[in-house]
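Visitor: Pasting entry_25.pdb here (PDB, C-alpha atoms, pLDDT in the B column):
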ATOM      1  CA  MET D 256      15.034 -26.886  14.614  1.00 38.00           C
ATOM      2  CA  SER D 257      17.157 -24.411  16.601  1.00 42.00           C
ATOM      3  CA  GLU D 258      15.974 -20.888  17.401  1.00 40.00           C
ATOM      4  CA  THR D 259      18.499 -19.467  14.938  1.00 61.00           C
ATOM      5  CA  ALA D 260      17.397 -21.880  12.205  1.00 61.00           C
ATOM      6  CA  THR D 261      13.749 -21.043  12.926  1.00 62.00           C
ATOM      7  CA  ASN D 262      14.484 -17.315  12.612  1.00 71.00           C
ATOM      8  CA  ARG D 263      16.364 -17.827   9.352  1.00 77.00           C
ATOM      9  CA  GLU D 264      13.478 -19.862   7.962  1.00 78.00           C
ATOM     10  CA  ALA D 265      10.995 -17.128   8.899  1.00 76.00           C
ATOM     11  CA  ILE D 266      13.133 -14.482   7.193  1.00 81.00           C
ATOM     12  CA  ARG D 267      13.601 -16.692   4.123  1.00 81.00           C
ATOM     13  CA  GLU D 268       9.823 -17.161   3.826  1.00 80.00           C
ATOM     14  CA  ALA D 269       9.226 -13.403   4.145  1.00 78.00           C
ATOM     15  CA  LEU D 270      11.808 -12.658   1.446  1.00 78.00           C
ATOM     16  CA  ALA D 271      10.331 -15.374  -0.796  1.00 77.00           C
ATOM     17  CA  ASP D 272       6.944 -13.623  -0.508  1.00 76.00           C
ATOM     18  CA  SER D 273       8.377 -10.133  -0.952  1.00 72.00           C
ATOM     19  CA  ASP D 274       7.735  -7.868  -3.924  1.00 67.00           C
ATOM     20  CA  LEU D 275      11.454  -7.468  -4.530  1.00 71.00           C
ATOM     21  CA  PHE D 276      13.098 -10.829  -3.910  1.00 77.00           C
ATOM     22  CA  GLY D 277      10.189 -13.203  -4.518  1.00 74.00           C
ATOM     23  CA  ALA D 278      11.579 -14.563  -7.802  1.00 71.00           C
ATOM     24  CA  LEU D 279      14.832 -15.786  -6.272  1.00 75.00           C
ATOM     25  CA  ALA D 280      15.591 -19.490  -5.900  1.00 77.00           C
ATOM     26  CA  GLU D 281      16.030 -20.909  -2.408  1.00 81.00           C
ATOM     27  CA  GLU D 282      19.819 -21.054  -2.660  1.00 81.00           C
ATOM     28  CA  GLU D 283      19.882 -17.422  -3.838  1.00 80.00           C
ATOM     29  CA  LEU D 284      17.761 -16.386  -0.852  1.00 81.00           C
ATOM     30  CA  ASP D 285      20.210 -18.169   1.435  1.00 83.00           C
ATOM     31  CA  ARG D 286      23.069 -16.154  -0.038  1.00 82.00           C
ATOM     32  CA  LEU D 287      21.052 -12.964   0.457  1.00 81.00           C
ATOM     33  CA  LEU D 288      20.409 -13.891   4.101  1.00 84.00           C
ATOM     34  CA  ALA D 289      24.136 -13.943   4.730  1.00 86.00           C
ATOM     35  CA  PHE D 290      24.353 -10.253   3.746  1.00 87.00           C
ATOM     36  CA  GLY D 291      21.573  -8.891   5.951  1.00 88.00           C
ATOM     37  CA  ARG D 292      20.634  -8.511   9.575  1.00 90.00           C
ATOM     38  CA  ARG D 293      17.364  -8.491  11.435  1.00 91.00           C
ATOM     39  CA  VAL D 294      16.450  -5.474  13.586  1.00 94.00           C
ATOM     40  CA  ARG D 295      13.433  -4.550  15.690  1.00 95.00           C
ATOM     41  CA  TYR D 296      11.967  -1.155  16.504  1.00 97.00           C
ATOM     42  CA  PRO D 297       9.123  -0.144  18.848  1.00 97.00           C
ATOM     43  CA  ALA D 298       6.017   1.686  17.668  1.00 95.00           C
ATOM     44  CA  GLY D 299       6.694   5.378  17.032  1.00 93.00           C
ATOM     45  CA  LYS D 300      10.415   4.921  16.402  1.00 96.00           C
ATOM     46  CA  VAL D 301      11.860   6.948  13.508  1.00 95.00           C
ATOM     47  CA  ILE D 302      13.791   4.492  11.306  1.00 95.00           C
ATOM     48  CA  PHE D 303      15.368   7.240   9.227  1.00 94.00           C
ATOM     49  CA  GLN D 304      14.688  10.874   8.395  1.00 93.00           C
ATOM     50  CA  LYS D 305      14.766  12.879   5.214  1.00 91.00           C
ATOM     51  CA  GLY D 306      18.373  13.817   4.544  1.00 91.00           C
ATOM     52  CA  ASP D 307      19.895  10.789   6.314  1.00 92.00           C
ATOM     53  CA  PRO D 308      22.462   8.750   4.360  1.00 89.00           C
ATOM     54  CA  GLY D 309      20.870   6.280   1.939  1.00 86.00           C
ATOM     55  CA  ASP D 310      23.003   3.355   2.994  1.00 87.00           C
ATOM     56  CA  SER D 311      20.521   0.480   3.251  1.00 88.00           C
ATOM     57  CA  LEU D 312      17.413  -1.203   1.884  1.00 86.00           C
ATOM     58  CA  MET D 313      14.874  -2.777   4.246  1.00 89.00           C
ATOM     59  CA  VAL D 314      12.230  -5.488   3.960  1.00 87.00           C
ATOM     60  CA  VAL D 315       9.394  -5.470   6.506  1.00 90.00           C
ATOM     61  CA  LEU D 316       9.111  -8.857   8.234  1.00 89.00           C
ATOM     62  CA  SER D 317       6.316  -7.795  10.591  1.00 90.00           C
ATOM     63  CA  GLY D 318       4.524  -4.585  11.539  1.00 93.00           C
ATOM     64  CA  ARG D 319       3.928  -1.444   9.488  1.00 91.00           C
ATOM     65  CA  ILE D 320       6.116   1.464   8.354  1.00 94.00           C
ATOM     66  CA  LYS D 321       4.868   4.925   7.385  1.00 93.00           C
ATOM     67  CA  ILE D 322       6.713   6.869   4.693  1.00 91.00           C
ATOM     68  CA  GLY D 323       6.116  10.605   4.732  1.00 89.00           C
ATOM     69  CA  THR D 324       7.586  14.072   4.849  1.00 87.00           C
ATOM     70  CA  LEU D 325       6.935  17.396   6.586  1.00 81.00           C
ATOM     71  CA  SER D 326       6.245  20.673   4.871  1.00 70.00           C
ATOM     72  CA  ALA D 327       7.962  23.910   5.888  1.00 67.00           C
ATOM     73  CA  GLU D 328       4.836  24.683   7.935  1.00 70.00           C
ATOM     74  CA  GLY D 329       5.108  21.362   9.791  1.00 71.00           C
ATOM     75  CA  ARG D 330       2.237  19.606   8.008  1.00 77.00           C
ATOM     76  CA  GLU D 331       2.753  15.911   7.343  1.00 80.00           C
ATOM     77  CA  ALA D 332       2.297  14.413   3.879  1.00 81.00           C
ATOM     78  CA  VAL D 333       1.872  10.635   4.076  1.00 85.00           C
ATOM     79  CA  LEU D 334       3.288   9.040   0.926  1.00 84.00           C
ATOM     80  CA  SER D 335       2.687   5.359   1.656  1.00 84.00           C
ATOM     81  CA  PHE D 336       2.518   2.587   4.228  1.00 89.00           C
ATOM     82  CA  ILE D 337       4.834  -0.426   3.997  1.00 89.00           C
ATOM     83  CA  GLU D 338       3.352  -3.754   5.077  1.00 87.00           C
ATOM     84  CA  PRO D 339       5.073  -7.127   5.691  1.00 87.00           C
ATOM     85  CA  CYS D 340       6.940  -8.634   2.724  1.00 82.00           C
ATOM     86  CA  ARG D 341       7.381  -5.220   1.111  1.00 84.00           C
ATOM     87  CA  SER D 342      10.604  -3.235   0.869  1.00 83.00           C
ATOM     88  CA  PHE D 343      11.508   0.432   1.229  1.00 87.00           C
ATOM     89  CA  GLY D 344      14.568   2.631   0.964  1.00 85.00           C
ATOM     90  CA  GLU D 345      15.296   1.713  -2.669  1.00 79.00           C
ATOM     91  CA  VAL D 346      15.612   5.255  -4.045  1.00 78.00           C
ATOM     92  CA  ALA D 347      18.456   6.481  -1.852  1.00 76.00           C
ATOM     93  CA  LEU D 348      20.082   3.070  -1.942  1.00 73.00           C
ATOM     94  CA  LEU D 349      20.350   3.096  -5.737  1.00 76.00           C
ATOM     95  CA  ASP D 350      21.620   6.639  -6.228  1.00 80.00           C
ATOM     96  CA  GLY D 351      23.597   6.880  -2.981  1.00 81.00           C
ATOM     97  CA  LYS D 352      22.032  10.243  -2.147  1.00 85.00           C
ATOM     98  CA  PRO D 353      20.311  11.231   1.124  1.00 90.00           C
ATOM     99  CA  ARG D 354      16.883   9.856   2.038  1.00 91.00           C
ATOM    100  CA  SER D 355      14.025  11.659   0.303  1.00 86.00           C
ATOM    101  CA  ALA D 356      11.439  11.067   3.072  1.00 90.00           C
ATOM    102  CA  ASP D 357      10.996   9.935   6.675  1.00 93.00           C
ATOM    103  CA  ALA D 358      10.281   6.327   7.701  1.00 94.00           C
ATOM    104  CA  THR D 359       8.514   5.728  11.023  1.00 95.00           C
ATOM    105  CA  ALA D 360       7.342   2.541  12.740  1.00 95.00           C
ATOM    106  CA  VAL D 361       3.542   2.756  13.033  1.00 92.00           C
ATOM    107  CA  THR D 362       3.536  -0.457  15.100  1.00 93.00           C
ATOM    108  CA  ALA D 363       6.344  -2.514  16.571  1.00 96.00           C
ATOM    109  CA  VAL D 364       8.276  -3.710  13.520  1.00 95.00           C
ATOM    110  CA  GLU D 365      10.865  -6.277  12.549  1.00 93.00           C
ATOM    111  CA  LEU D 366      13.014  -5.466   9.527  1.00 94.00           C
ATOM    112  CA  PHE D 367      15.568  -7.261   7.405  1.00 90.00           C
ATOM    113  CA  VAL D 368      18.270  -4.711   6.603  1.00 92.00           C
ATOM    114  CA  LEU D 369      20.690  -4.918   3.689  1.00 88.00           C
ATOM    115  CA  ARG D 370      23.624  -2.535   3.308  1.00 90.00           C
ATOM    116  CA  ARG D 371      24.006  -0.618   0.051  1.00 87.00           C
ATOM    117  CA  ALA D 372      27.353  -2.167  -0.845  1.00 87.00           C
ATOM    118  CA  ASP D 373      25.992  -5.695  -0.346  1.00 88.00           C
ATOM    119  CA  VAL D 374      22.840  -5.003  -2.374  1.00 81.00           C
ATOM    120  CA  MET D 375      24.879  -3.594  -5.250  1.00 84.00           C
ATOM    121  CA  THR D 376      27.084  -6.681  -5.243  1.00 86.00           C
ATOM    122  CA  PHE D 377      24.000  -8.884  -5.220  1.00 82.00           C
ATOM    123  CA  ILE D 378      22.385  -6.934  -8.090  1.00 81.00           C
ATOM    124  CA  GLU D 379      25.519  -7.395 -10.191  1.00 84.00           C
ATOM    125  CA  ARG D 380      25.088 -11.150  -9.809  1.00 82.00           C
ATOM    126  CA  HIS D 381      21.289 -11.048 -10.246  1.00 80.00           C
ATOM    127  CA  PRO D 382      20.476  -8.281 -12.775  1.00 81.00           C
ATOM    128  CA  GLY D 383      16.807  -9.263 -12.795  1.00 78.00           C
ATOM    129  CA  ILE D 384      16.534  -7.697  -9.334  1.00 77.00           C
ATOM    130  CA  ALA D 385      17.484  -4.321 -10.855  1.00 77.00           C
ATOM    131  CA  LEU D 386      14.529  -4.573 -13.246  1.00 79.00           C
ATOM    132  CA  ARG D 387      12.186  -5.335 -10.345  1.00 75.00           C
ATOM    133  CA  ILE D 388      13.483  -2.322  -8.414  1.00 73.00           C
ATOM    134  CA  ILE D 389      12.955  -0.109 -11.473  1.00 78.00           C
ATOM    135  CA  GLY D 390       9.386  -1.395 -11.783  1.00 77.00           C
ATOM    136  CA  MET D 391       8.694  -0.674  -8.102  1.00 70.00           C
ATOM    137  CA  LEU D 392      10.142   2.826  -8.346  1.00 72.00           C
ATOM    138  CA  CYS D 393       8.037   3.567 -11.438  1.00 75.00           C
ATOM    139  CA  ALA D 394       4.891   2.472  -9.562  1.00 73.00           C
ATOM    140  CA  LYS D 395       5.820   4.703  -6.612  1.00 70.00           C
ATOM    141  CA  LEU D 396       6.459   7.627  -8.957  1.00 72.00           C
ATOM    142  CA  ARG D 397       3.020   7.180 -10.535  1.00 72.00           C
ATOM    143  CA  ARG D 398       1.355   7.175  -7.108  1.00 69.00           C
ATOM    144  CA  THR D 399       3.255  10.286  -6.049  1.00 68.00           C
ATOM    145  CA  THR D 400       2.390  12.054  -9.314  1.00 68.00           C
ATOM    146  CA  GLU D 401      -1.286  11.211  -8.825  1.00 66.00           C
ATOM    147  CA  MET D 402      -1.189  12.609  -5.284  1.00 62.00           C
ATOM    148  CA  VAL D 403       0.435  15.846  -6.447  1.00 62.00           C
ATOM    149  CA  GLU D 404      -2.111  16.250  -9.242  1.00 58.00           C
ATOM    150  CA  ASP D 405      -4.960  15.620  -6.805  1.00 53.00           C
ATOM    151  CA  HIS D 406      -3.638  18.253  -4.379  1.00 55.00           C
ATOM    152  CA  VAL D 407      -3.252  20.871  -7.094  1.00 48.00           C
ATOM    153  CA  LEU D 408      -6.302  20.258  -9.271  1.00 45.00           C
ATOM    154  CA  LEU D 409      -9.109  18.716  -7.224  1.00 51.00           C
ATOM    155  CA  GLN D 410     -11.584  19.959  -4.680  1.00 77.00           C
ATOM    156  CA  MET D 411     -11.932  18.381  -1.235  1.00 80.00           C
ATOM    157  CA  GLU D 412     -14.581  15.778  -2.122  1.00 84.00           C
ATOM    158  CA  ALA D 413     -12.779  14.485  -5.195  1.00 86.00           C
ATOM    159  CA  ARG D 414      -9.388  14.429  -3.441  1.00 84.00           C
ATOM    160  CA  THR D 415     -10.750  12.453  -0.515  1.00 88.00           C
ATOM    161  CA  ALA D 416     -12.590  10.001  -2.758  1.00 89.00           C
ATOM    162  CA  ARG D 417      -9.505   9.364  -4.890  1.00 87.00           C
ATOM    163  CA  ALA D 418      -7.368   8.795  -1.798  1.00 87.00           C
ATOM    164  CA  LEU D 419      -9.850   6.265  -0.395  1.00 91.00           C
ATOM    165  CA  LEU D 420     -10.059   4.454  -3.732  1.00 91.00           C
ATOM    166  CA  ARG D 421      -6.246   4.267  -3.928  1.00 88.00           C
ATOM    167  CA  LEU D 422      -6.118   2.826  -0.418  1.00 89.00           C
ATOM    168  CA  ALA D 423      -8.856   0.331  -1.315  1.00 91.00           C
ATOM    169  CA  ALA D 424      -6.942  -0.775  -4.424  1.00 87.00           C
ATOM    170  CA  GLU D 425      -3.764  -1.332  -2.429  1.00 84.00           C
ATOM    171  CA  TYR D 426      -5.038  -2.497   0.955  1.00 86.00           C
ATOM    172  CA  GLY D 427      -8.704  -3.363   0.335  1.00 89.00           C
ATOM    173  CA  ARG D 428     -10.385  -6.693   0.953  1.00 91.00           C
ATOM    174  CA  PRO D 429     -13.904  -7.551  -0.263  1.00 92.00           C
ATOM    175  CA  CYS D 430     -16.428  -8.050   2.514  1.00 91.00           C
ATOM    176  CA  ALA D 431     -20.199  -8.390   2.838  1.00 89.00           C
ATOM    177  CA  ASP D 432     -20.662  -4.603   3.023  1.00 88.00           C
ATOM    178  CA  GLY D 433     -18.264  -3.635   0.224  1.00 92.00           C
ATOM    179  CA  VAL D 434     -14.484  -3.249   0.372  1.00 94.00           C
ATOM    180  CA  ARG D 435     -12.774  -2.947   3.733  1.00 93.00           C
ATOM    181  CA  ILE D 436      -9.469  -1.040   3.822  1.00 91.00           C
ATOM    182  CA  GLU D 437      -7.242  -3.321   5.903  1.00 86.00           C
ATOM    183  CA  LEU D 438      -5.233  -0.413   7.249  1.00 82.00           C
ATOM    184  CA  ARG D 439      -5.985   1.364  10.501  1.00 81.00           C
ATOM    185  CA  LEU D 440      -5.460   5.067   9.961  1.00 81.00           C
ATOM    186  CA  SER D 441      -5.794   7.976  12.318  1.00 79.00           C
ATOM    187  CA  GLN D 442      -7.681  10.968  10.979  1.00 78.00           C
ATOM    188  CA  ARG D 443      -4.364  12.862  10.995  1.00 80.00           C
ATOM    189  CA  GLU D 444      -2.696  10.173   8.874  1.00 83.00           C
ATOM    190  CA  LEU D 445      -5.597  10.120   6.439  1.00 83.00           C
ATOM    191  CA  GLY D 446      -5.414  13.904   6.247  1.00 82.00           C
ATOM    192  CA  GLY D 447      -1.726  13.557   5.422  1.00 79.00           C
ATOM    193  CA  ILE D 448      -2.586  11.218   2.551  1.00 81.00           C
ATOM    194  CA  VAL D 449      -5.356  13.440   1.197  1.00 79.00           C
ATOM    195  CA  GLY D 450      -3.472  16.675   1.817  1.00 75.00           C
ATOM    196  CA  LEU D 451      -6.208  18.217   3.953  1.00 76.00           C
ATOM    197  CA  ALA D 452      -6.563  19.248   7.571  1.00 78.00           C
ATOM    198  CA  ARG D 453      -7.848  16.531   9.898  1.00 81.00           C
ATOM    199  CA  GLU D 454     -11.023  18.528  10.589  1.00 83.00           C
ATOM    200  CA  ASN D 455     -11.885  18.691   6.887  1.00 83.00           C
ATOM    201  CA  VAL D 456     -11.337  14.959   6.449  1.00 84.00           C
ATOM    202  CA  ASN D 457     -13.509  14.248   9.494  1.00 85.00           C
ATOM    203  CA  ARG D 458     -16.274  16.416   8.110  1.00 86.00           C
ATOM    204  CA  GLN D 459     -16.144  14.748   4.690  1.00 87.00           C
ATOM    205  CA  LEU D 460     -16.124  11.209   6.093  1.00 89.00           C
ATOM    206  CA  ALA D 461     -19.031  12.035   8.399  1.00 89.00           C
ATOM    207  CA  ALA D 462     -21.059  13.341   5.442  1.00 89.00           C
ATOM    208  CA  TRP D 463     -20.396  10.207   3.386  1.00 91.00           C
ATOM    209  CA  ARG D 464     -21.124   8.008   6.353  1.00 91.00           C
ATOM    210  CA  GLY D 465     -24.508   9.678   6.698  1.00 90.00           C
ATOM    211  CA  ARG D 466     -25.213   9.067   2.986  1.00 91.00           C
ATOM    212  CA  GLY D 467     -24.248   5.391   3.257  1.00 92.00           C
ATOM    213  CA  LEU D 468     -21.169   5.618   1.034  1.00 92.00           C
ATOM    214  CA  LEU D 469     -18.886   4.218   3.730  1.00 91.00           C
ATOM    215  CA  SER D 470     -18.771   3.021   7.301  1.00 92.00           C
ATOM    216  CA  ILE D 471     -16.104   3.365   9.982  1.00 89.00           C
ATOM    217  CA  GLU D 472     -15.618   0.880  12.787  1.00 86.00           C
ATOM    218  CA  ARG D 473     -12.658   0.923  15.188  1.00 81.00           C
ATOM    219  CA  GLY D 474     -10.613   3.038  12.825  1.00 78.00           C
ATOM    220  CA  THR D 475     -11.214   0.768   9.834  1.00 87.00           C
ATOM    221  CA  ILE D 476     -12.995   2.228   6.798  1.00 92.00           C
ATOM    222  CA  THR D 477     -15.312   0.136   4.618  1.00 93.00           C
ATOM    223  CA  LEU D 478     -16.302   1.558   1.241  1.00 94.00           C
ATOM    224  CA  ARG D 479     -19.948   0.587   0.766  1.00 93.00           C
ATOM    225  CA  ASP D 480     -20.686   2.286  -2.562  1.00 92.00           C
ATOM    226  CA  LEU D 481     -17.676   2.187  -4.866  1.00 91.00           C
ATOM    227  CA  GLU D 482     -19.651   3.364  -7.891  1.00 91.00           C
ATOM    228  CA  ARG D 483     -20.735   6.607  -6.251  1.00 91.00           C
ATOM    229  CA  LEU D 484     -17.287   7.236  -4.834  1.00 92.00           C
ATOM    230  CA  ARG D 485     -15.755   6.711  -8.294  1.00 90.00           C
ATOM    231  CA  GLY D 486     -18.212   9.248  -9.646  1.00 91.00           C
ATOM    232  CA  ILE D 487     -17.166  11.766  -6.989  1.00 88.00           C
ATOM    233  CA  ALA D 488     -13.485  11.062  -7.662  1.00 86.00           C
ATOM    234  CA  ALA D 489     -14.009  11.763 -11.368  1.00 83.00           C
ATOM    235  CA  ASP D 490     -15.735  15.077 -10.686  1.00 71.00           C
ATOM    236  CA  ASP D 491     -12.916  17.641 -10.638  1.00 56.00           C
TER     237      ASP D 491
END
Show this structure as structure tokens.
Guide:
Amino acid sequence: MSETATNREAIREALADSDLFGALAEEELDRLLAFGRRVRYPAGKVIFQKGDPGDSLMVVLSGRIKIGTLSAEGREAVLSFIEPCRSFGEVALLDGKPRSADATAVTAVELFVLRRADVMTFIERHPGIALRIIGMLCAKLRRTTEMVEDHVLLQMEARTARALLRLAAEYGRPCADGVRIELRLSQRELGGIVGLARENVNRQLAAWRGRGLLSIERGTITLRDLERLRGIAADD
């Protein structure tokens, strides 16, 4: 198999496993491949910024993307992380308006990029894709609403616990000690998710670590007592 054929097969497999295009038949995926292009970015590269034209949708083939935004005071709010076989950029692509957040490569990434005009043509031929996009956007809206409610209504302990439980639900993997969050986060990034200063997050994690609720090893958090953390999350 040629290098080009090998690359196409790898992209086809990633799209077949993706949350957006996974229901397509093989011949439909091949037609989709003809529309897109593969691009690579180094770690730390800004893929797009809030306010940029919403002219494309992207599927992560490898690496990790961070979606977030900056407040007027320069504080970062981390909205989500995009892992392989997941897509991003759907909101601006559908309504044609500017990007609503920033996208940054956390690690070196490889993306499959589809232009807005091509995606719209494809959706016209495959209306089921539109329903999947709507479902994904609804899920993202729920997560964002939960984060806003947490920031407004909850105290530090409950906010941090809810954020960790959300991360565990999305990125967690059962292990001997509990549930390991398979996502390496800096304290600054975790603070951006919780909506607290890094120092406050550090202090809270250290307290829970001392009480045996969680452990941290090489930047990876393992939740060791989900029941107690759920109780803290419910205490507003």
Visitor: So how many Å separate CA of Val294 (chain D) and CA of Glu365 (chain D), to one decimal?
Guide: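 The value is 5.7 Å.
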Visitor: Go through D:Met411, D:Val374, D:Leu420, D:Leu369 and flag the residue nearest Glu454 (chain D), using only C-alpha atoms for the distances.
Guide: D:Met411
Visitor: Between CA of Arg341 (chain D) and CA of Leu275 (chain D), what distance in Å does the model show, to one decimal?
Guide: 7.3 Å
Visitor: List as a PDB file with C-alpha atoms, in the coordinates of the input: which residues have an atom within 12 Å of (-14.5, 5.4, -9.1), counting only C-alpha atoms?
Guide:
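The result, written out as point17.pdb:
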ATOM      1  CA  ALA D 413     -12.779  14.485  -5.195  1.00 86.00           C
ATOM      2  CA  ARG D 414      -9.388  14.429  -3.441  1.00 84.00           C
ATOM      3  CA  THR D 415     -10.750  12.453  -0.515  1.00 88.00           C
ATOM      4  CA  ALA D 416     -12.590  10.001  -2.758  1.00 89.00           C
ATOM      5  CA  ARG D 417      -9.505   9.364  -4.890  1.00 87.00           C
ATOM      6  CA  ALA D 418      -7.368   8.795  -1.798  1.00 87.00           C
ATOM      7  CA  LEU D 419      -9.850   6.265  -0.395  1.00 91.00           C
ATOM      8  CA  LEU D 420     -10.059   4.454  -3.732  1.00 91.00           C
ATOM      9  CA  ARG D 421      -6.246   4.267  -3.928  1.00 88.00           C
ATOM     10  CA  ALA D 423      -8.856   0.331  -1.315  1.00 91.00           C
ATOM     11  CA  ALA D 424      -6.942  -0.775  -4.424  1.00 87.00           C
ATOM     12  CA  LEU D 478     -16.302   1.558   1.241  1.00 94.00           C
ATOM     13  CA  ASP D 480     -20.686   2.286  -2.562  1.00 92.00           C
ATOM     14  CA  LEU D 481     -17.676   2.187  -4.866  1.00 91.00           C
ATOM     15  CA  GLU D 482     -19.651   3.364  -7.891  1.00 91.00           C
ATOM     16  CA  ARG D 483     -20.735   6.607  -6.251  1.00 91.00           C
ATOM     17  CA  LEU D 484     -17.287   7.236  -4.834  1.00 92.00           C
ATOM     18  CA  ARG D 485     -15.755   6.711  -8.294  1.00 90.00           C
ATOM     19  CA  GLY D 486     -18.212   9.248  -9.646  1.00 91.00           C
ATOM     20  CA  ILE D 487     -17.166  11.766  -6.989  1.00 88.00           C
ATOM     21  CA  ALA D 488     -13.485  11.062  -7.662  1.00 86.00           C
ATOM     22  CA  ALA D 489     -14.009  11.763 -11.368  1.00 83.00           C
ATOM     23  CA  ASP D 490     -15.735  15.077 -10.686  1.00 71.00           C
TER      24      ASP D 490
END
Visitor: Around the point (4.9, 8.3, -0.4) in the file's coordinates, collect all residues with an atom within 8 Å, using all atoms listed in the file, and return them as a list of chain:residue names.
Guide: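 The residues near that point, listed by chain and number, are D:Ile322, D:Gly323, D:Ala332, D:Val333, D:Leu334, D:Ser335, D:Phe336, D:Ala356, D:Lys395, D:Arg398, D:Thr399.
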